[in-house]
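Source file protein-v8.pdb; content: PDB, C-alpha atoms.
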ATOM      1  CA  ARG E  19       0.000   0.000   0.000
ATOM      2  CA  SER E  20       2.807   2.421   0.860
ATOM      3  CA  TYR E  21       4.474   1.692  -2.459
ATOM      4  CA  ARG E  22       1.262   2.447  -4.364
ATOM      5  CA  ILE E  23       0.865   5.732  -2.492
ATOM      6  CA  MET E  24       4.482   6.766  -3.045
ATOM      7  CA  SER E  25       4.524   5.809  -6.718
ATOM      8  CA  ALA E  26       1.496   8.038  -7.355
ATOM      9  CA  PHE E  27       3.683  11.067  -6.567
ATOM     10  CA  VAL E  28       7.019  10.147  -8.143
ATOM     11  CA  ASP E  29       8.316   8.720 -11.405
ATOM     12  CA  ARG E  30      10.715   6.234  -9.803
ATOM     13  CA  VAL E  31      11.000   4.442  -6.468
ATOM     14  CA  CYS E  32      13.971   2.788  -4.796
ATOM     15  CA  LEU E  33      13.168   0.367  -1.994
ATOM     16  CA  VAL E  34      15.534   0.371   0.989
ATOM     17  CA  GLY E  35      15.231  -1.969   3.950
ATOM     18  CA  PHE E  36      17.272  -2.950   6.989
ATOM     19  CA  SER E  37      17.276  -6.423   8.570
ATOM     20  CA  THR E  38      13.771  -7.910   8.223
ATOM     21  CA  GLY E  39      12.922  -4.822   6.185
ATOM     22  CA  GLY E  40      15.694  -5.871   3.788
ATOM     23  CA  SER E  41      13.942  -9.190   3.261
ATOM     24  CA  LEU E  42      10.622  -7.459   2.737
ATOM     25  CA  VAL E  43      11.918  -4.976   0.137
ATOM     26  CA  LEU E  44      13.572  -7.794  -1.807
ATOM     27  CA  GLN E  45      10.281  -9.687  -1.819
ATOM     28  CA  MET E  46       8.477  -6.576  -3.008
ATOM     29  CA  ALA E  47      11.082  -6.106  -5.756
ATOM     30  CA  ALA E  48      10.392  -9.687  -6.870
ATOM     31  CA  GLU E  49       6.831  -8.578  -7.633
ATOM     32  CA  ARG E  50       8.350  -6.112 -10.139
ATOM     33  CA  PRO E  51       6.121  -3.171  -9.309
ATOM     34  CA  GLU E  52       5.781  -0.381 -11.826
ATOM     35  CA  LYS E  53       8.275   2.475 -11.397
ATOM     36  CA  LEU E  54      10.755   0.366  -9.392
ATOM     37  CA  ALA E  55      14.223   1.802  -9.988
ATOM     38  CA  GLY E  56      16.196  -0.406  -7.580
ATOM     39  CA  VAL E  57      16.371  -2.126  -4.223
ATOM     40  CA  ALA E  58      18.869  -1.932  -1.349
ATOM     41  CA  ALA E  59      18.893  -4.564   1.402
ATOM     42  CA  ILE E  60      21.067  -3.997   4.448
ATOM     43  CA  SER E  61      21.738  -6.841   6.931
ATOM     44  CA  ALA E  62      18.898  -8.923   5.464
ATOM     45  CA  PRO E  63      18.489 -12.298   7.198
ATOM     46  CA  VAL E  64      18.775 -15.701   5.609
ATOM     47  CA  ARG E  65      20.878 -17.424   8.261
ATOM     48  CA  PHE E  66      21.113 -16.461  11.919
ATOM     49  CA  THR E  67      24.121 -16.597  14.231
ATOM     50  CA  ASN E  68      21.999 -17.901  17.129
ATOM     51  CA  ARG E  69      21.614 -21.598  16.303
ATOM     52  CA  ASN E  70      18.843 -21.949  18.917
ATOM     53  CA  LEU E  71      16.479 -20.285  16.453
ATOM     54  CA  VAL E  72      16.080 -23.678  14.756
ATOM     55  CA  PHE E  73      13.813 -24.549  17.691
ATOM     56  CA  VAL E  74      11.432 -21.643  17.038
ATOM     57  CA  PRO E  75       8.936 -23.757  15.036
ATOM     58  CA  LEU E  76       8.787 -26.273  17.905
ATOM     59  CA  LEU E  77       8.297 -23.540  20.500
ATOM     60  CA  HIS E  78       5.671 -21.891  18.326
ATOM     61  CA  GLY E  79       3.812 -25.207  18.080
ATOM     62  CA  ALA E  80       4.053 -25.771  21.834
ATOM     63  CA  ASN E  81       2.821 -22.238  22.497
ATOM     64  CA  THR E  82      -0.108 -22.787  20.131
ATOM     65  CA  ILE E  83      -1.123 -25.974  21.947
ATOM     66  CA  ALA E  84      -0.621 -24.376  25.382
ATOM     67  CA  SER E  85      -2.795 -21.414  24.361
ATOM     68  CA  TRP E  86      -5.770 -23.779  24.194
ATOM     69  CA  VAL E  87      -5.663 -23.763  28.002
ATOM     70  CA  PRO E  88      -7.230 -20.410  28.976
ATOM     71  CA  SER E  89      -4.893 -19.799  31.934
ATOM     72  CA  LEU E  90      -1.687 -20.291  29.873
ATOM     73  CA  GLU E  91      -0.062 -17.847  27.456
ATOM     74  CA  GLY E  92       2.250 -20.534  26.120
ATOM     75  CA  VAL E  93       5.300 -22.511  27.123
ATOM     76  CA  MET E  94       7.641 -19.647  26.215
ATOM     77  CA  PRO E  95       5.720 -16.779  24.601
ATOM     78  CA  PHE E  96       8.706 -14.391  24.507
ATOM     79  CA  ARG E  97      12.484 -14.548  24.097
ATOM     80  CA  LEU E  98      14.723 -12.003  25.827
ATOM     81  CA  ASN E  99      16.451  -9.712  23.319
ATOM     82  CA  GLU E 100      19.813  -8.256  24.338
ATOM     83  CA  SER E 101      19.780  -5.496  21.733
ATOM     84  CA  GLU E 102      22.546  -3.234  20.433
ATOM     85  CA  HIS E 103      19.939  -0.466  20.389
ATOM     86  CA  PRO E 104      17.543  -0.950  23.316
ATOM     87  CA  ASP E 105      16.095   2.505  22.654
ATOM     88  CA  VAL E 106      14.625   1.354  19.315
ATOM     89  CA  ASN E 107      14.417  -2.456  19.592
ATOM     90  CA  TYR E 108      12.168  -4.799  21.536
ATOM     91  CA  ARG E 109      13.428  -5.978  24.926
ATOM     92  CA  ASN E 110      11.423  -9.196  24.469
ATOM     93  CA  ILE E 111      10.606 -10.773  21.108
ATOM     94  CA  PRO E 112       7.431 -12.825  20.707
ATOM     95  CA  ILE E 113       8.167 -16.417  19.653
ATOM     96  CA  ARG E 114       5.353 -16.032  17.120
ATOM     97  CA  GLY E 115       7.267 -13.097  15.600
ATOM     98  CA  LEU E 116      10.410 -15.218  15.277
ATOM     99  CA  TYR E 117       8.336 -17.968  13.681
ATOM    100  CA  GLU E 118       6.942 -15.473  11.162
ATOM    101  CA  LEU E 119      10.457 -14.173  10.509
ATOM    102  CA  ARG E 120      11.512 -17.722   9.628
ATOM    103  CA  GLN E 121       8.585 -17.919   7.186
ATOM    104  CA  THR E 122       9.606 -14.551   5.699
ATOM    105  CA  VAL E 123      13.125 -15.856   5.101
ATOM    106  CA  ASP E 124      11.753 -18.942   3.341
ATOM    107  CA  SER E 125       9.591 -16.704   1.113
ATOM    108  CA  LEU E 126      12.595 -14.499   0.385
ATOM    109  CA  ILE E 127      14.689 -17.413  -0.873
ATOM    110  CA  ARG E 128      11.908 -18.409  -3.278
ATOM    111  CA  ALA E 129      11.454 -14.791  -4.477
ATOM    112  CA  LEU E 130      15.095 -13.861  -5.161
ATOM    113  CA  PRO E 131      15.300 -15.201  -8.740
ATOM    114  CA  SER E 132      12.363 -12.953  -9.693
ATOM    115  CA  VAL E 133      14.173  -9.771  -8.637
ATOM    116  CA  SER E 134      15.294  -8.009 -11.822
ATOM    117  CA  ALA E 135      15.852  -4.463 -10.543
ATOM    118  CA  PRO E 136      19.346  -3.194  -9.785
ATOM    119  CA  ALA E 137      20.231  -4.326  -6.272
ATOM    120  CA  LEU E 138      22.600  -3.332  -3.498
ATOM    121  CA  VAL E 139      23.271  -5.804  -0.685
ATOM    122  CA  VAL E 140      25.191  -4.521   2.343
ATOM    123  CA  HIS E 141      26.221  -6.604   5.345
ATOM    124  CA  ALA E 142      28.673  -6.477   8.257
ATOM    125  CA  THR E 143      31.597  -8.894   8.108
ATOM    126  CA  GLU E 144      31.000 -10.019  11.699
ATOM    127  CA  ASP E 145      27.302  -9.322  12.227
ATOM    128  CA  PRO E 146      26.444 -10.865  15.623
ATOM    129  CA  ILE E 147      22.754 -11.394  14.701
ATOM    130  CA  ILE E 148      22.590 -12.312  11.016
ATOM    131  CA  ASP E 149      25.218 -14.667   9.612
ATOM    132  CA  PRO E 150      27.239 -12.723   7.002
ATOM    133  CA  LYS E 151      26.827 -15.713   4.658
ATOM    134  CA  SER E 152      23.264 -14.428   4.264
ATOM    135  CA  ALA E 153      24.586 -11.714   1.951
ATOM    136  CA  GLU E 154      26.323 -14.274  -0.272
ATOM    137  CA  ILE E 155      23.181 -16.424  -0.434
ATOM    138  CA  ILE E 156      21.118 -13.393  -1.404
ATOM    139  CA  MET E 157      23.617 -12.363  -4.085
ATOM    140  CA  LYS E 158      23.684 -15.857  -5.601
ATOM    141  CA  GLY E 159      19.895 -16.043  -5.633
ATOM    142  CA  LEU E 160      19.201 -12.588  -7.069
ATOM    143  CA  GLY E 161      17.953 -12.521 -10.650
ATOM    144  CA  SER E 162      19.232  -8.955 -11.117
ATOM    145  CA  GLU E 163      21.839  -8.372 -13.796
ATOM    146  CA  ARG E 164      23.134  -5.338 -11.902
ATOM    147  CA  LYS E 165      23.856  -6.300  -8.316
ATOM    148  CA  VAL E 166      26.495  -5.096  -5.881
ATOM    149  CA  LEU E 167      27.639  -6.620  -2.600
ATOM    150  CA  GLU E 168      29.325  -4.395  -0.020
ATOM    151  CA  MET E 169      30.756  -6.026   3.074
ATOM    152  CA  VAL E 170      31.351  -3.532   5.889
ATOM    153  CA  GLU E 171      34.087  -4.267   8.406
ATOM    154  CA  ALA E 172      32.043  -4.364  11.605
ATOM    155  CA  LYS E 173      31.040  -6.505  14.563
ATOM    156  CA  ARG E 174      27.614  -4.852  14.742
ATOM    157  CA  HIS E 175      24.213  -5.591  13.238
ATOM    158  CA  GLY E 176      22.986  -1.982  13.214
ATOM    159  CA  ILE E 177      25.424  -0.775  10.560
ATOM    160  CA  LEU E 178      22.845   1.434   8.850
ATOM    161  CA  HIS E 179      21.611   3.069  12.059
ATOM    162  CA  GLU E 180      25.180   3.677  13.229
ATOM    163  CA  ASN E 181      26.463   4.513   9.731
ATOM    164  CA  ILE E 182      29.400   2.150  10.176
ATOM    165  CA  GLY E 183      31.782   2.102   7.233
ATOM    166  CA  GLY E 184      29.826   4.825   5.483
ATOM    167  CA  CYS E 185      26.842   2.513   5.071
ATOM    168  CA  GLN E 186      24.356   5.383   4.674
ATOM    169  CA  GLU E 187      26.524   7.027   2.026
ATOM    170  CA  SER E 188      26.737   3.709   0.128
ATOM    171  CA  VAL E 189      22.953   3.492   0.020
ATOM    172  CA  LEU E 190      22.621   7.129  -1.062
ATOM    173  CA  SER E 191      25.290   6.625  -3.732
ATOM    174  CA  PHE E 192      23.423   3.565  -5.027
ATOM    175  CA  ILE E 193      20.175   5.548  -5.172
ATOM    176  CA  ASP E 194      21.960   8.367  -6.979
ATOM    177  CA  SER E 195      23.362   5.878  -9.527
ATOM    178  CA  LEU E 196      19.799   4.878 -10.437
ATOM    179  CA  ARG E 197      18.927   8.346 -11.741
ATOM    180  CA  THR E 198      20.142   7.564 -15.246
ATOM    181  CA  GLU E 199      18.465   4.161 -15.537
ATOM    182  CA  SER E 200      14.852   3.522 -16.480
ATOM    183  CA  PRO E 201      12.615   1.926 -13.884
ATOM    184  CA  THR E 202      11.924  -1.775 -14.204
ATOM    185  CA  SER E 203       8.367  -2.601 -15.071
ATOM    186  CA  ASP E 204       8.875  -5.808 -17.009
ATOM    187  CA  PRO E 205       5.933  -7.985 -15.917
ATOM    188  CA  THR E 206       7.694 -11.222 -16.957
TER
END

Before we go any further, please render this structure as structure tokens.
Amino acid sequence: RSYRIMSAFVDRVCLVGFSTGGSLVLQMAAERPEKLAGVAAISAPVRFTNRNLVFVPLLHGANTIASWVPSLEGVMPFRLNESEHPDVNYRNIPIRGLYELRQTVDSLIRALPSVSAPALVVHATEDPIIDPKSAEIIMKGLGSERKVLEMVEAKRHGILHENIGGCQESVLSFIDSLRTESPTSDPT
């Protein structure tokens, strides 16, 4: 809906997303909306550094069953989140949200070959949340002919928020480079 609103006022749109937002903008780009000029995904998840997240579907299932008992909210409805940015991030993450994130990642993998717009993928070399191999997986899966991978030397996940390694300037430079290209609207 936001894209439709924005595209009514401009000739070209570049989608930019961080973390889960990076996954979402790539999925939107796979739909090849009219006026799409490009897409930038920063720290988009495919693999996670916390291996315990493989148990999220089991916990989600247990929580669903436990919710049938009116006095229970679930076995473990939330997971503590030790965030780099507690002022903007959740202190506790709902297990259901993590389960939906896992589903989003699965959808992203299936959508990547359909992305044809120019793409920028940025990721920290030692991201403590999202495995840096995620960026390589995204790059290999992207259908875009013009795609750029920038690895930022950092041990942080919030590289865009903190502008580590000139991350914000890289995104702005990518957007600026799209000015001379026509938007992708190929419905195939």

How big is the axis-aligned box around all listed atoms of range 131-142 of chain E once 6 Å goes on each side, and where's its centre, in Å to one decimal, as lines of an AutoDock Vina configuration file?
center_x = 20.5
center_y = -9.2
center_z = -1.8
size_x = 28.3
size_y = 24.0
size_z = 32.1

Inset, instruction - Could you check how far CA of Val34 in chain E sits from CA of Ala59 in chain E, in Å to one decimal? - result: 6.0 Å

Inset, instruction - I would like the residues chosen by the PyMOL selection byres ((chain E and resi 163) around 12) on the shown file; could you give them as a list in words? - result: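 Expected selection for the PyMOL selection byres ((chain E and resi 163) around 12) here is Gly56, Pro131, Ser132, Val133, Ser134, Ala135, Pro136, Ala137, Leu138, Met157, Lys158, Gly159, Leu160, Gly161, Ser162, Arg164, Lys165, Val166 and Thr202 of chain E.
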
Inset, instruction - Grab the CA of Glu49 in chain E to CA of Ser188 in chain E distance for me, in Å with one decimal place. - result: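 Going from CA of Glu49 in chain E over to CA of Ser188 in chain E, I get 24.6 Å.
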
Inset, instruction - Might you pull out every residue within 9 Å of Gly35 in chain E, with all atoms listed in the file counted and same-chain residues fewer than 4 positions away left off, and present them as a ChimeraX atom specification? - result: /E:39-44,57-62

Inset, instruction - Determine the residue set returned by the PyMOL selection byres ((chain E and resi 181-183) around 12) for the present structure, and present it as a VMD selection string. - result: chain E and resid 60 140 to 143 145 168 to 180 184 to 190

Legend entry - Spatial neighbours of Arg197 in chain E, 12 Å, only C-alpha atoms, chain gap at least 3 places, as a list of chain:residue names: E:Asp29, E:Arg30, E:Val31, E:Cys32, E:Leu54, E:Ala55, E:Gly56, E:Pro136, E:Leu190, E:Ser191, E:Phe192, E:Ile193, E:Asp194, E:Ser200, E:Pro201

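In this model, the gap between CA of Tyr117 in chain E and CA of Arg50 in chain E comes to 26.6 Å.
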
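Closest approach to Leu126 in chain E among E:Ile23, E:Leu33, E:Ala48, E:Leu167: E:Ala48, based on all atoms listed in the file.
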